file work_5.cif (mmCIF, C-alpha atoms)
data_start
loop_
_atom_site.label_atom_id
_atom_site.label_comp_id
_atom_site.auth_asym_id
_atom_site.auth_seq_id
_atom_site.Cartn_x
_atom_site.Cartn_y
_atom_site.Cartn_z
CA MET L 284 101.05 92.48 126.90
CA ARG L 285 101.39 89.48 124.64
CA SER L 286 104.59 88.55 122.84
CA LYS L 287 104.26 86.16 119.91
CA LEU L 288 107.95 85.86 119.24
CA ALA L 289 109.77 84.89 122.41
CA LYS L 290 109.48 82.70 125.45
CA ARG L 291 109.50 84.32 128.86
CA THR L 292 112.79 82.65 129.68
CA LEU L 293 114.35 84.30 126.65
CA ILE L 294 113.31 87.71 127.96
CA ILE L 295 115.00 87.02 131.28
CA VAL L 296 118.19 85.69 129.66
CA LEU L 297 118.41 88.69 127.36
CA GLY L 298 117.83 91.03 130.27
CA VAL L 299 120.57 89.55 132.40
CA CYS L 300 122.99 89.66 129.48
CA ALA L 301 122.13 93.27 128.77
CA VAL L 302 122.58 94.32 132.39
CA LEU L 303 125.98 92.65 132.53
CA ALA L 304 126.96 94.21 129.20
CA GLY L 305 125.96 97.62 130.47
CA LEU L 306 128.10 97.23 133.57
CA LEU L 307 131.09 96.12 131.52
CA THR L 308 130.90 98.75 128.81
CA GLY L 309 129.69 101.71 130.82
CA GLY L 310 126.27 101.91 129.18
CA PRO L 311 124.99 102.79 125.72
CA ALA L 312 127.00 104.77 123.22
CA ALA L 313 126.39 108.49 122.88
CA GLN L 314 124.10 109.74 120.12
CA GLU L 315 125.65 110.87 116.88
CA PRO L 316 125.62 114.64 116.26
CA GLY L 317 122.61 116.00 114.39
CA LYS L 318 122.35 117.51 110.92
CA GLU L 319 119.91 120.31 110.12
CA LYS L 320 118.55 121.63 113.42
CA SER L 321 115.73 123.96 112.45
CA PRO L 322 112.05 123.39 113.19
CA GLN L 323 111.15 126.35 110.98
CA LYS L 324 109.33 124.30 108.32
CA GLY L 325 107.18 122.52 110.90
CA ARG L 326 104.08 123.83 112.63
CA ILE L 327 101.35 122.53 114.91
CA GLY L 328 97.59 122.95 115.18
CA THR L 329 94.64 121.13 116.73
CA ILE L 330 91.30 119.62 115.73
CA GLY L 331 88.43 118.46 117.93
CA LYS L 332 87.33 119.87 121.26
CA GLY L 333 87.70 119.05 124.93
CA ASP L 334 89.03 115.59 125.69
CA ALA L 335 88.62 114.67 122.00
CA GLU L 336 91.19 117.27 120.92
CA ILE L 337 93.96 115.97 118.65
CA THR L 338 97.25 117.68 117.89
CA VAL L 339 98.02 118.10 114.17
CA LEU L 340 101.67 118.29 113.20
CA TYR L 341 102.77 119.58 109.79
CA LEU L 342 106.23 118.45 108.69
CA GLU L 343 108.27 119.25 105.60
CA GLY L 344 111.79 118.50 104.40
CA GLY L 345 114.27 115.65 104.65
CA PRO L 346 113.93 112.67 107.02
CA TYR L 347 116.19 113.97 109.81
CA GLU L 348 114.76 117.46 109.47
CA MET L 349 111.17 116.25 109.81
CA GLY L 350 112.08 114.13 112.82
CA PHE L 351 113.80 117.09 114.43
CA GLN L 352 110.75 119.29 113.79
CA HIS L 353 108.54 116.68 115.47
CA GLY L 354 110.78 116.46 118.50
CA LYS L 355 111.44 120.18 118.87
CA LEU L 356 107.87 121.40 118.39
CA LEU L 357 106.35 118.76 120.68
CA LYS L 358 109.29 118.30 123.04
CA ASP L 359 107.38 118.11 126.31
CA LYS L 360 104.70 115.81 124.90
CA VAL L 361 107.28 113.53 123.28
CA LYS L 362 109.10 113.14 126.59
CA ALA L 363 105.86 112.54 128.47
CA CYS L 364 104.49 110.02 125.97
CA LEU L 365 107.68 107.96 125.67
CA SER L 366 108.09 107.97 129.44
CA LYS L 367 104.49 106.88 130.02
CA VAL L 368 104.57 104.09 127.44
CA LEU L 369 107.88 102.69 128.67
CA ASP L 370 106.97 103.02 132.37
CA ASN L 371 103.72 101.14 131.78
CA CYS L 372 105.63 98.54 129.81
CA TYR L 373 107.97 98.06 132.77
CA LYS L 374 105.02 97.76 135.15
CA GLN L 375 103.40 95.13 132.98
CA ILE L 376 106.62 93.16 132.70
CA ALA L 377 106.99 93.29 136.49
CA ALA L 378 103.41 92.16 137.05
CA GLU L 379 103.54 89.30 134.55
CA LEU L 380 107.08 87.98 134.81
CA LEU L 381 108.58 89.10 138.10
CA LYS L 382 106.07 88.01 140.69
CA GLY L 383 107.88 87.97 144.00
CA GLN L 384 111.02 89.48 142.46
CA PRO L 385 112.39 93.03 142.93
CA PRO L 386 110.42 95.39 140.66
CA GLY L 387 113.62 97.19 139.76
CA LEU L 388 114.53 94.27 137.50
CA ALA L 389 111.65 95.09 135.16
CA ARG L 390 113.33 98.07 133.51
CA PRO L 391 116.60 96.39 132.43
CA LEU L 392 114.79 93.20 131.42
CA ALA L 393 112.20 95.01 129.30
CA ASN L 394 114.82 97.31 127.78
CA ALA L 395 116.98 94.33 126.88
CA PHE L 396 114.05 92.59 125.21
CA MET L 397 113.11 95.68 123.18
CA ASP L 398 116.74 96.39 122.28
CA GLU L 399 117.18 92.84 121.03
CA ALA L 400 113.96 93.13 119.01
CA TYR L 401 115.05 96.39 117.41
CA LYS L 402 118.47 94.91 116.65
CA LYS L 403 116.78 92.18 114.62
CA MET L 404 114.52 94.67 112.82
CA GLU L 405 117.12 97.36 112.13
CA PRO L 406 118.73 95.88 108.97
CA PHE L 407 115.32 96.03 107.27
CA VAL L 408 114.38 99.57 108.32
CA PRO L 409 115.00 102.10 105.50
CA ASP L 410 117.79 104.55 106.31
CA GLU L 411 115.48 107.54 105.90
CA TYR L 412 113.24 106.26 108.70
CA LYS L 413 116.24 105.66 110.94
CA GLU L 414 117.29 109.25 110.27
CA GLU L 415 113.83 110.50 111.20
CA MET L 416 113.95 108.66 114.53
CA LYS L 417 117.39 110.15 115.18
CA GLY L 418 116.08 113.62 114.42
CA LEU L 419 113.10 113.06 116.72
CA ALA L 420 115.38 112.00 119.58
CA GLU L 421 117.69 114.98 119.18
CA GLY L 422 114.87 117.48 118.69
CA ALA L 423 113.09 116.30 121.86
CA ASP L 424 116.34 115.68 123.79
CA VAL L 425 115.43 112.09 124.59
CA PRO L 426 117.60 108.96 124.30
CA LEU L 427 117.59 107.49 120.82
CA ALA L 428 117.45 104.06 122.48
CA ASP L 429 114.05 104.92 123.97
CA VAL L 430 112.71 106.02 120.58
CA ARG L 431 113.85 102.74 119.04
CA ARG L 432 112.34 100.73 121.90
CA VAL L 433 108.92 102.28 121.43
CA HIS L 434 109.12 101.53 117.70
CA ALA L 435 109.97 97.89 118.43
CA ILE L 436 106.88 97.37 120.59
CA PRO L 437 104.30 96.91 117.76
CA ALA L 438 106.22 93.95 116.35
CA ILE L 439 106.43 92.09 119.67
CA THR L 440 103.02 92.90 121.14
CA GLU L 441 99.90 92.69 119.03
CA ASN L 442 96.24 91.79 119.17
CA SER L 443 93.80 91.01 116.41
CA CYS L 444 92.21 94.06 114.79
CA SER L 445 89.68 94.71 112.01
CA ALA L 446 89.79 96.25 108.54
CA PHE L 447 87.54 96.44 105.52
CA ALA L 448 86.99 98.40 102.33
CA ALA L 449 83.62 98.75 100.58
CA PHE L 450 82.68 100.53 97.36
CA GLY L 451 80.31 100.46 94.39
CA LYS L 452 77.07 98.62 95.12
CA ALA L 453 78.11 98.03 98.74
CA THR L 454 78.06 101.74 99.65
CA LYS L 455 75.28 104.31 99.67
CA ASP L 456 76.89 106.57 97.06
CA GLY L 457 79.28 104.18 95.32
CA LYS L 458 82.37 105.79 96.91
CA LEU L 459 85.13 103.82 98.55
CA TYR L 460 84.98 103.75 102.34
CA GLN L 461 87.63 102.00 104.36
CA ILE L 462 88.20 101.35 108.06
CA ARG L 463 91.07 100.60 110.35
CA VAL L 464 90.08 99.35 113.81
CA LEU L 465 93.16 99.16 116.03
CA ASP L 466 92.52 96.83 118.96
CA TYR L 467 95.66 97.23 121.00
CA ILE L 468 96.98 97.53 124.55
CA MET L 469 95.21 100.44 126.26
CA ASN L 470 97.30 100.20 129.43
CA PHE L 471 100.33 101.75 127.71
CA GLY L 472 98.63 105.17 127.59
CA LEU L 473 99.15 106.05 123.91
CA GLN L 474 95.56 107.32 123.73
CA ASP L 475 96.55 110.27 125.94
CA TYR L 476 98.84 111.61 123.19
CA PRO L 477 96.97 111.35 119.86
CA LEU L 478 98.66 112.95 116.86
CA ILE L 479 97.84 113.44 113.22
CA THR L 480 100.99 114.11 111.22
CA VAL L 481 100.89 115.66 107.74
CA TYR L 482 104.11 114.78 105.94
CA LYS L 483 105.46 116.67 102.93
CA PRO L 484 108.74 114.82 102.33
CA GLU L 485 111.39 115.93 99.86
CA LYS L 486 110.95 112.63 98.05
CA GLY L 487 107.69 110.80 97.47
CA ASN L 488 104.05 111.50 98.21
CA ALA L 489 102.60 113.76 100.85
CA PHE L 490 100.72 111.60 103.37
CA VAL L 491 98.93 111.71 106.69
CA ASN L 492 99.87 109.46 109.61
CA VAL L 493 97.15 108.90 112.22
CA GLY L 494 99.10 107.96 115.32
CA TRP L 495 100.68 109.37 118.47
CA VAL L 496 103.25 111.86 119.68
CA GLY L 497 106.80 110.51 119.52
CA PHE L 498 105.87 107.71 117.11
CA THR L 499 107.02 107.95 113.49
CA GLY L 500 105.81 104.57 112.28
CA VAL L 501 102.44 104.15 110.54
CA VAL L 502 99.56 101.93 111.59
CA SER L 503 96.82 104.10 110.02
CA GLY L 504 97.17 106.58 107.17
CA MET L 505 96.38 107.87 103.69
CA ASN L 506 98.42 109.60 100.98
CA ALA L 507 97.72 112.48 98.63
CA LYS L 508 97.04 110.05 95.77
CA GLY L 509 93.98 108.72 97.61
CA LEU L 510 95.62 105.51 98.84
CA ALA L 511 94.52 104.35 102.32
CA VAL L 512 96.13 101.56 104.36
CA SER L 513 94.64 99.27 107.00
CA GLU L 514 96.20 96.37 108.89
CA MET L 515 95.33 93.66 111.35
CA GLY L 516 97.42 91.16 113.27
CA TYR L 517 96.36 87.71 112.14
CA GLY L 518 96.43 85.03 114.81
CA LYS L 519 99.55 83.28 115.96
CA PRO L 520 101.49 80.11 115.16
CA GLY L 521 99.55 77.00 116.01
CA GLN L 522 96.13 78.56 115.38
CA LYS L 523 94.67 77.75 111.98
CA GLN L 524 93.84 80.92 110.05
CA PRO L 525 92.01 81.29 106.72
CA GLY L 526 94.43 81.65 103.82
CA ILE L 527 97.48 80.32 105.71
CA PRO L 528 98.33 76.79 104.55
CA GLU L 529 99.89 74.03 106.57
CA PRO L 530 102.60 73.81 107.66
CA GLN L 531 102.23 77.30 109.08
CA PRO L 532 105.27 79.56 108.67
CA GLU L 533 107.13 80.63 111.77
CA GLU L 534 107.05 84.30 112.70
CA THR L 535 110.15 86.46 112.89
CA LEU L 536 111.42 89.92 113.71
CA GLU L 537 114.03 89.70 110.96
CA GLY L 538 112.03 91.38 108.22
CA PHE L 539 110.48 94.68 107.14
CA PRO L 540 108.60 95.99 110.21
CA MET L 541 104.91 96.57 109.55
CA ILE L 542 104.96 100.16 110.84
CA PHE L 543 107.62 101.15 108.32
CA LEU L 544 106.27 99.01 105.50
CA LEU L 545 102.95 100.87 105.62
CA LYS L 546 104.85 104.14 105.75
CA LYS L 547 106.83 103.23 102.64
CA ILE L 548 103.61 102.37 100.80
CA LEU L 549 102.08 105.75 101.61
CA GLN L 550 105.24 107.62 100.65
CA ARG L 551 106.20 105.67 97.55
CA ALA L 552 103.06 104.10 96.03
CA ASP L 553 100.73 106.01 93.70
CA ASP L 554 98.18 103.20 93.32
CA VAL L 555 97.34 99.68 94.49
CA GLU L 556 99.59 98.09 91.88
CA GLU L 557 102.64 99.94 93.20
CA ALA L 558 101.58 99.16 96.76
CA THR L 559 101.33 95.48 95.84
CA LYS L 560 104.82 95.54 94.36
CA ILE L 561 106.24 97.04 97.57
CA LEU L 562 104.52 94.39 99.72
CA LYS L 563 105.58 91.48 97.52
CA GLU L 564 109.20 92.64 97.47
CA ALA L 565 109.40 93.10 101.24
CA LYS L 566 110.64 90.38 103.57
CA GLY L 567 107.69 89.46 105.77
CA THR L 568 107.64 89.00 109.54
CA ASN L 569 104.47 88.11 111.46
CA TYR L 570 101.07 87.09 110.11
CA TYR L 571 99.31 90.21 108.84
CA VAL L 572 96.23 91.06 106.83
CA TYR L 573 96.46 94.30 104.88
CA VAL L 574 93.69 96.18 103.11
CA ILE L 575 94.68 98.89 100.65
CA GLY L 576 92.12 101.05 98.89
CA ASP L 577 92.61 103.60 96.12
CA GLY L 578 89.84 106.16 95.81
CA ILE L 579 91.42 108.25 93.05
CA THR L 580 92.06 106.18 89.93
CA GLN L 581 92.45 107.11 86.28
CA ASP L 582 89.20 105.44 85.26
CA GLY L 583 87.31 106.93 88.21
CA LYS L 584 86.53 103.54 89.76
CA PRO L 585 87.88 102.62 93.21
CA ALA L 586 90.57 99.95 93.33
CA VAL L 587 90.89 97.68 96.36
CA ARG L 588 93.18 94.81 97.33
CA GLY L 589 93.44 92.56 100.35
CA TYR L 590 96.65 90.79 101.37
CA ILE L 591 97.69 87.98 103.68
CA MET L 592 101.38 88.22 104.44
CA THR L 593 103.78 86.02 106.40
CA LYS L 594 107.54 85.67 106.32
CA ASP L 595 107.14 83.13 103.49
CA PHE L 596 104.57 84.68 101.17
CA CYS L 597 102.31 87.59 100.26
CA LYS L 598 98.94 86.55 98.83
CA VAL L 599 96.89 89.16 96.96
CA TYR L 600 93.09 89.16 96.83
CA GLU L 601 90.68 91.23 94.77
CA PRO L 602 87.08 91.81 95.86
CA ASP L 603 84.47 89.51 94.30
CA LYS L 604 87.00 86.78 93.60
CA ASP L 605 86.47 83.15 94.63
CA SER L 606 90.04 82.90 95.90
CA PHE L 607 89.26 85.06 98.94
CA PRO L 608 89.49 82.72 101.98
CA LEU L 609 86.39 84.14 103.74
CA PRO L 610 82.73 84.34 102.68
CA THR L 611 82.59 87.05 100.03
CA VAL L 612 80.55 90.25 99.96
CA GLN L 613 80.02 92.02 96.66
CA ASN L 614 82.28 95.07 96.23
CA ALA L 615 83.92 94.59 99.63
CA ILE L 616 86.89 92.90 101.25
CA TYR L 617 87.50 92.44 104.96
CA GLY L 618 89.45 90.83 107.76
CA SER L 619 88.47 90.97 111.42
CA HIS L 620 88.95 89.48 114.84
CA TYR L 621 85.22 88.80 114.49
CA ASN L 622 85.03 87.67 110.86
CA ASP L 623 81.51 86.27 111.21
CA ARG L 624 80.17 89.52 112.64
CA CYS L 625 81.94 91.62 110.02
CA TYR L 626 80.59 89.47 107.19
CA SER L 627 77.04 89.57 108.57
CA LEU L 628 77.08 93.35 108.99
CA LEU L 629 78.50 93.99 105.53
CA LYS L 630 75.77 91.77 104.07
CA LYS L 631 72.98 93.29 106.18
CA LEU L 632 73.98 96.88 105.45
CA HIS L 633 74.96 96.28 101.82
CA GLY L 634 74.08 99.36 99.76
CA GLU L 635 73.74 101.55 102.86
CA ILE L 636 77.36 101.81 103.93
CA GLU L 637 78.62 105.36 104.50
CA PRO L 638 80.62 107.01 107.32
CA LYS L 639 77.84 107.40 109.89
CA VAL L 640 76.62 103.83 109.37
CA ILE L 641 80.18 102.57 109.71
CA MET L 642 80.79 104.55 112.92
CA LYS L 643 77.47 103.77 114.60
CA LYS L 644 76.44 100.33 113.36
CA ILE L 645 79.52 98.43 112.23
CA ILE L 646 82.68 99.35 114.14
CA PRO L 647 81.13 99.06 117.65
CA GLU L 648 80.10 95.49 116.82
CA ILE L 649 83.48 94.32 115.52
CA ALA L 650 85.85 96.26 117.81
CA MET L 651 87.34 94.43 120.77
CA GLU L 652 87.33 95.71 124.35
CA SER L 653 90.88 96.97 123.75
CA ASN L 654 89.88 99.32 120.91
CA LEU L 655 92.63 101.95 121.06
CA GLN L 656 91.88 103.75 117.79
CA SER L 657 89.25 103.64 115.04
CA VAL L 658 89.60 105.37 111.67
CA VAL L 659 87.17 105.76 108.77
CA TYR L 660 88.60 106.83 105.40
CA GLU L 661 86.93 108.49 102.41
CA PRO L 662 89.94 108.37 100.04
CA ALA L 663 88.32 109.98 96.98
CA ASP L 664 87.85 113.23 98.90
CA LEU L 665 90.96 112.83 101.08
CA LYS L 666 88.88 112.87 104.26
CA LEU L 667 89.01 110.76 107.38
CA TRP L 668 87.40 110.49 110.81
CA VAL L 669 89.32 109.28 113.88
CA ALA L 670 88.34 108.32 117.42
CA ASN L 671 90.70 107.50 120.28
CA ALA L 672 90.13 105.54 123.48
CA LYS L 673 89.80 107.34 126.79
CA GLY L 674 91.53 105.92 129.82
CA THR L 675 91.79 102.14 129.93
CA THR L 676 88.07 101.30 129.78
CA ILE L 677 86.34 103.51 127.18
CA ARG L 678 86.80 102.15 123.67
CA ALA L 679 87.66 104.46 120.78
CA CYS L 680 84.54 103.36 118.89
CA ASP L 681 82.35 104.51 121.79
CA ARG L 682 83.74 108.04 121.61
CA ASP L 683 83.08 110.92 119.24
CA TYR L 684 84.87 110.79 115.88
CA VAL L 685 86.88 113.86 114.91
CA PRO L 686 86.89 114.74 111.17
CA PHE L 687 90.10 115.66 109.39
CA ASP L 688 90.20 117.09 105.87
CA PHE L 689 93.56 115.99 104.50
CA GLY L 690 92.87 117.61 101.14
CA LYS L 691 92.31 120.97 102.82
CA ALA L 692 95.51 120.52 104.82
CA LEU L 693 97.35 120.08 101.52
CA GLY L 694 95.71 123.18 100.07
CA LYS L 695 93.54 121.22 97.64
#
call {"tool": "encode", "arguments": {"input": "work_5.cif", "output": "structure tokens"}}
result
Amino acid sequence: MRSKLAKRTLIIVLGVCAVLAGLLTGGPAAQEPGKEKSPQKGRIGTIGKGDAEITVLYLEGGPYEMGFQHGKLLKDKVKACLSKVLDNCYKQIAAELLKGQPPGLARPLANAFMDEAYKKMEPFVPDEYKEEMKGLAEGADVPLADVRRVHAIPAITENSCSAFAAFGKATKDGKLYQIRVLDYIMNFGLQDYPLITVYKPEKGNAFVNVGWVGFTGVVSGMNAKGLAVSEMGYGKPGQKQPGIPEPQPEETLEGFPMIFLLKKILQRADDVEEATKILKEAKGTNYYVYVIGDGITQDGKPAVRGYIMTKDFCKVYEPDKDSFPLPTVQNAIYGSHYNDRCYSLLKKLHGEIEPKVIMKKIIPEIAMESNLQSVVYEPADLKLWVANAKGTTIRACDRDYVPFDFGKALGK
């Protein structure tokens, strides 16, 4: 696990303070009572076969209600997933920071670090997403603190990933195709609990979240308007990155968390212009590259934007523009841990790009060894393909992709 935002000594200090505070106050406060407590609007299904099977969760209603549906319908899996992720987090903390020290210290130290991280993030998390986490905790009968801790992890542990969108002359049929390659910690065990969630909220767009049981944030997803989102962590302070001027901005947790920012875009944005407005108005945190593609536009032509975002700025890039800080490819935009490889493949396969080519010839070459999840989007037809890692050694991109027809799920 790699934290970009705190020194190891800070973790230990926070942990000791938290342990003492717990002893003095008698532990965390009790959860607040719930609101609606009916999972009747939610339902579950599955796609894929064998060890590639993925649970599909259909949610409808208000934020708390949808969270409660999630927790109630998948109660056992939520408990198992949260427990596995946190236990593995404690083990990793013990292995990295507590060599020669009692392993029992790992839990309070890690919890204190995650609690402090969430405390910094919380003022920027929309109330509706806080309500959903509360509903999830009460529906699954798990501590709300554990739900918040798991949702703090993406902001404090990240690796580089890959994303691109290609359309027009770059693709075989002119359609927009977009990828999200999530290269992330496989030791946590998230890949054992894959989940596709179809949201039909009371307010905003219907959207699909490609993630995991017990996790309400978004790292991969698409909405009913044909808007797909991709993200990649972008280096760390002290390492020069394309598009980030000197002096490099510091990173912070005191901003709009990425997992909820992407969720807001899917729920509230109808096109790339509205998505851009949401990003530019948000207070940034770490260095991120975002790719947002719109496959359903009024003029019938795909619309794509790339973004570099820090706590100090949000830069917007259009394909085929000289301002893009990497070598350009016609009708494409990209950002990758392996930028040179990604550029070369997009050039080599220009005009041939379609889902099978992406899955077989591109993603395996640009994914890291820690490839937890890979997603290919076809936004115009509201379709996607997803692959998840197996164990801690088999990359997602080396596994079978499972198709999901989001349009069909919406009754279109």
call {"tool": "resolve_selection", "arguments": {"input": "work_5.cif", "expression": "the PyMOL selection byres ((chain L and resi 631) around 12)", "output": "JSON, numbers by chain"}}
result
{"L": [453, 454, 612, 613, 624, 625, 626, 627, 628, 629, 630, 632, 633, 634, 635, 636, 640, 644, 645]}
call {"tool": "atom_distance", "arguments": {"input": "work_5.cif", "atom1": "CA of Ala389 in chain L", "atom2": "CA of Met404 in chain L"}}
result
22.5 Å
call {"tool": "closest_residue", "arguments": {"input": "work_5.cif", "among": "L:Asp577, L:Asp683, L:Glu648, L:Glu348", "to": "Tyr660 in chain L", "atoms": "only C-alpha atoms"}}
result
L:Asp577
call {"tool": "residues_around", "arguments": {"input": "work_5.cif", "residues": "Arg678 in chain L", "least_positions_apart": "6", "cutoff": "7 Å", "atoms": "only C-alpha atoms", "output": "PyMOL selection string"}}
result
chain L and resi 652-655+672
call {"tool": "residues_around", "arguments": {"input": "work_5.cif", "residues": "Val555 in chain L", "least_positions_apart": "2", "cutoff": "9 Å", "atoms": "all atoms listed in the file", "output": "JSON, numbers by chain"}}
result
{"L": [510, 552, 553, 557, 558, 559, 560, 575, 576, 577, 586, 587, 588]}
call {"tool": "resolve_selection", "arguments": {"input": "work_5.cif", "expression": "the PyMOL selection byres ((chain L and resi 568) around 6)", "output": "ChimeraX atom specification"}}
result
/L:534-536,538,567,569,593-594
call {"tool": "decode", "arguments": {"input": "work_5.cif", "residues": "range 336-344 of chain L", "atoms": "all heavy atoms", "output": "mmCIF file, in the first residue's frame"}}
result
data_model
loop_
_atom_site.group_PDB
_atom_site.id
_atom_site.type_symbol
_atom_site.label_atom_id
_atom_site.label_comp_id
_atom_site.auth_asym_id
_atom_site.auth_seq_id
_atom_site.Cartn_x
_atom_site.Cartn_y
_atom_site.Cartn_z
ATOM 1 N N GLU L 336 -18.356 -14.844 -12.685
ATOM 2 C CA GLU L 336 -19.704 -14.356 -12.381
ATOM 3 C C GLU L 336 -19.641 -13.034 -11.618
ATOM 4 O O GLU L 336 -18.798 -12.840 -10.738
ATOM 5 C CB GLU L 336 -20.458 -15.388 -11.551
ATOM 6 C CG GLU L 336 -21.899 -14.992 -11.256
ATOM 7 C CD GLU L 336 -22.646 -16.068 -10.491
ATOM 8 O OE1 GLU L 336 -23.138 -17.008 -11.139
ATOM 9 O OE2 GLU L 336 -22.705 -15.973 -9.242
ATOM 10 N N ILE L 337 -20.543 -12.130 -11.969
ATOM 11 C CA ILE L 337 -20.610 -10.812 -11.335
ATOM 12 C C ILE L 337 -22.038 -10.576 -10.861
ATOM 13 O O ILE L 337 -23.003 -10.787 -11.608
ATOM 14 C CB ILE L 337 -20.202 -9.693 -12.322
ATOM 15 C CG1 ILE L 337 -18.773 -9.908 -12.823
ATOM 16 C CG2 ILE L 337 -20.328 -8.322 -11.657
ATOM 17 C CD1 ILE L 337 -18.382 -8.958 -13.939
ATOM 18 N N THR L 338 -22.193 -10.146 -9.627
ATOM 19 C CA THR L 338 -23.504 -9.781 -9.107
ATOM 20 C C THR L 338 -23.940 -8.451 -9.712
ATOM 21 O O THR L 338 -23.132 -7.524 -9.845
ATOM 22 C CB THR L 338 -23.459 -9.659 -7.577
ATOM 23 O OG1 THR L 338 -23.040 -10.905 -7.014
ATOM 24 C CG2 THR L 338 -24.821 -9.289 -7.010
ATOM 25 N N VAL L 339 -25.210 -8.360 -10.091
ATOM 26 C CA VAL L 339 -25.793 -7.114 -10.584
ATOM 27 C C VAL L 339 -26.866 -6.672 -9.595
ATOM 28 O O VAL L 339 -27.774 -7.441 -9.261
ATOM 29 C CB VAL L 339 -26.397 -7.277 -11.984
ATOM 30 C CG1 VAL L 339 -26.946 -5.938 -12.483
ATOM 31 C CG2 VAL L 339 -25.361 -7.810 -12.968
ATOM 32 N N LEU L 340 -26.744 -5.457 -9.125
ATOM 33 C CA LEU L 340 -27.647 -4.909 -8.123
ATOM 34 C C LEU L 340 -28.438 -3.755 -8.738
ATOM 35 O O LEU L 340 -27.852 -2.826 -9.295
ATOM 36 C CB LEU L 340 -26.839 -4.418 -6.916
ATOM 37 C CG LEU L 340 -27.584 -3.707 -5.790
ATOM 38 C CD1 LEU L 340 -28.559 -4.657 -5.099
ATOM 39 C CD2 LEU L 340 -26.582 -3.148 -4.769
ATOM 40 N N TYR L 341 -29.753 -3.827 -8.649
ATOM 41 C CA TYR L 341 -30.633 -2.795 -9.190
ATOM 42 C C TYR L 341 -31.226 -2.006 -8.034
ATOM 43 O O TYR L 341 -31.918 -2.571 -7.170
ATOM 44 C CB TYR L 341 -31.744 -3.424 -10.025
ATOM 45 C CG TYR L 341 -31.251 -4.215 -11.208
ATOM 46 C CD1 TYR L 341 -30.868 -5.548 -11.051
ATOM 47 C CD2 TYR L 341 -31.165 -3.638 -12.473
ATOM 48 C CE1 TYR L 341 -30.407 -6.286 -12.144
ATOM 49 C CE2 TYR L 341 -30.702 -4.373 -13.574
ATOM 50 C CZ TYR L 341 -30.333 -5.694 -13.387
ATOM 51 O OH TYR L 341 -29.881 -6.429 -14.461
ATOM 52 N N LEU L 342 -30.959 -0.701 -8.005
ATOM 53 C CA LEU L 342 -31.398 0.155 -6.911
ATOM 54 C C LEU L 342 -32.289 1.269 -7.432
ATOM 55 O O LEU L 342 -32.094 1.768 -8.542
ATOM 56 C CB LEU L 342 -30.189 0.777 -6.195
ATOM 57 C CG LEU L 342 -29.166 -0.188 -5.597
ATOM 58 C CD1 LEU L 342 -28.016 0.592 -4.985
ATOM 59 C CD2 LEU L 342 -29.812 -1.097 -4.564
ATOM 60 N N GLU L 343 -33.223 1.689 -6.594
ATOM 61 C CA GLU L 343 -34.149 2.744 -6.996
ATOM 62 C C GLU L 343 -34.627 3.479 -5.755
ATOM 63 O O GLU L 343 -34.871 2.867 -4.710
ATOM 64 C CB GLU L 343 -35.340 2.128 -7.735
ATOM 65 C CG GLU L 343 -36.290 3.126 -8.358
ATOM 66 C CD GLU L 343 -37.366 2.454 -9.201
ATOM 67 O OE1 GLU L 343 -37.264 1.228 -9.448
ATOM 68 O OE2 GLU L 343 -38.315 3.154 -9.606
ATOM 69 N N GLY L 344 -34.742 4.812 -5.859
ATOM 70 C CA GLY L 344 -35.287 5.579 -4.744
ATOM 71 C C GLY L 344 -34.379 6.705 -4.307
ATOM 72 O O GLY L 344 -33.546 7.213 -5.067
#
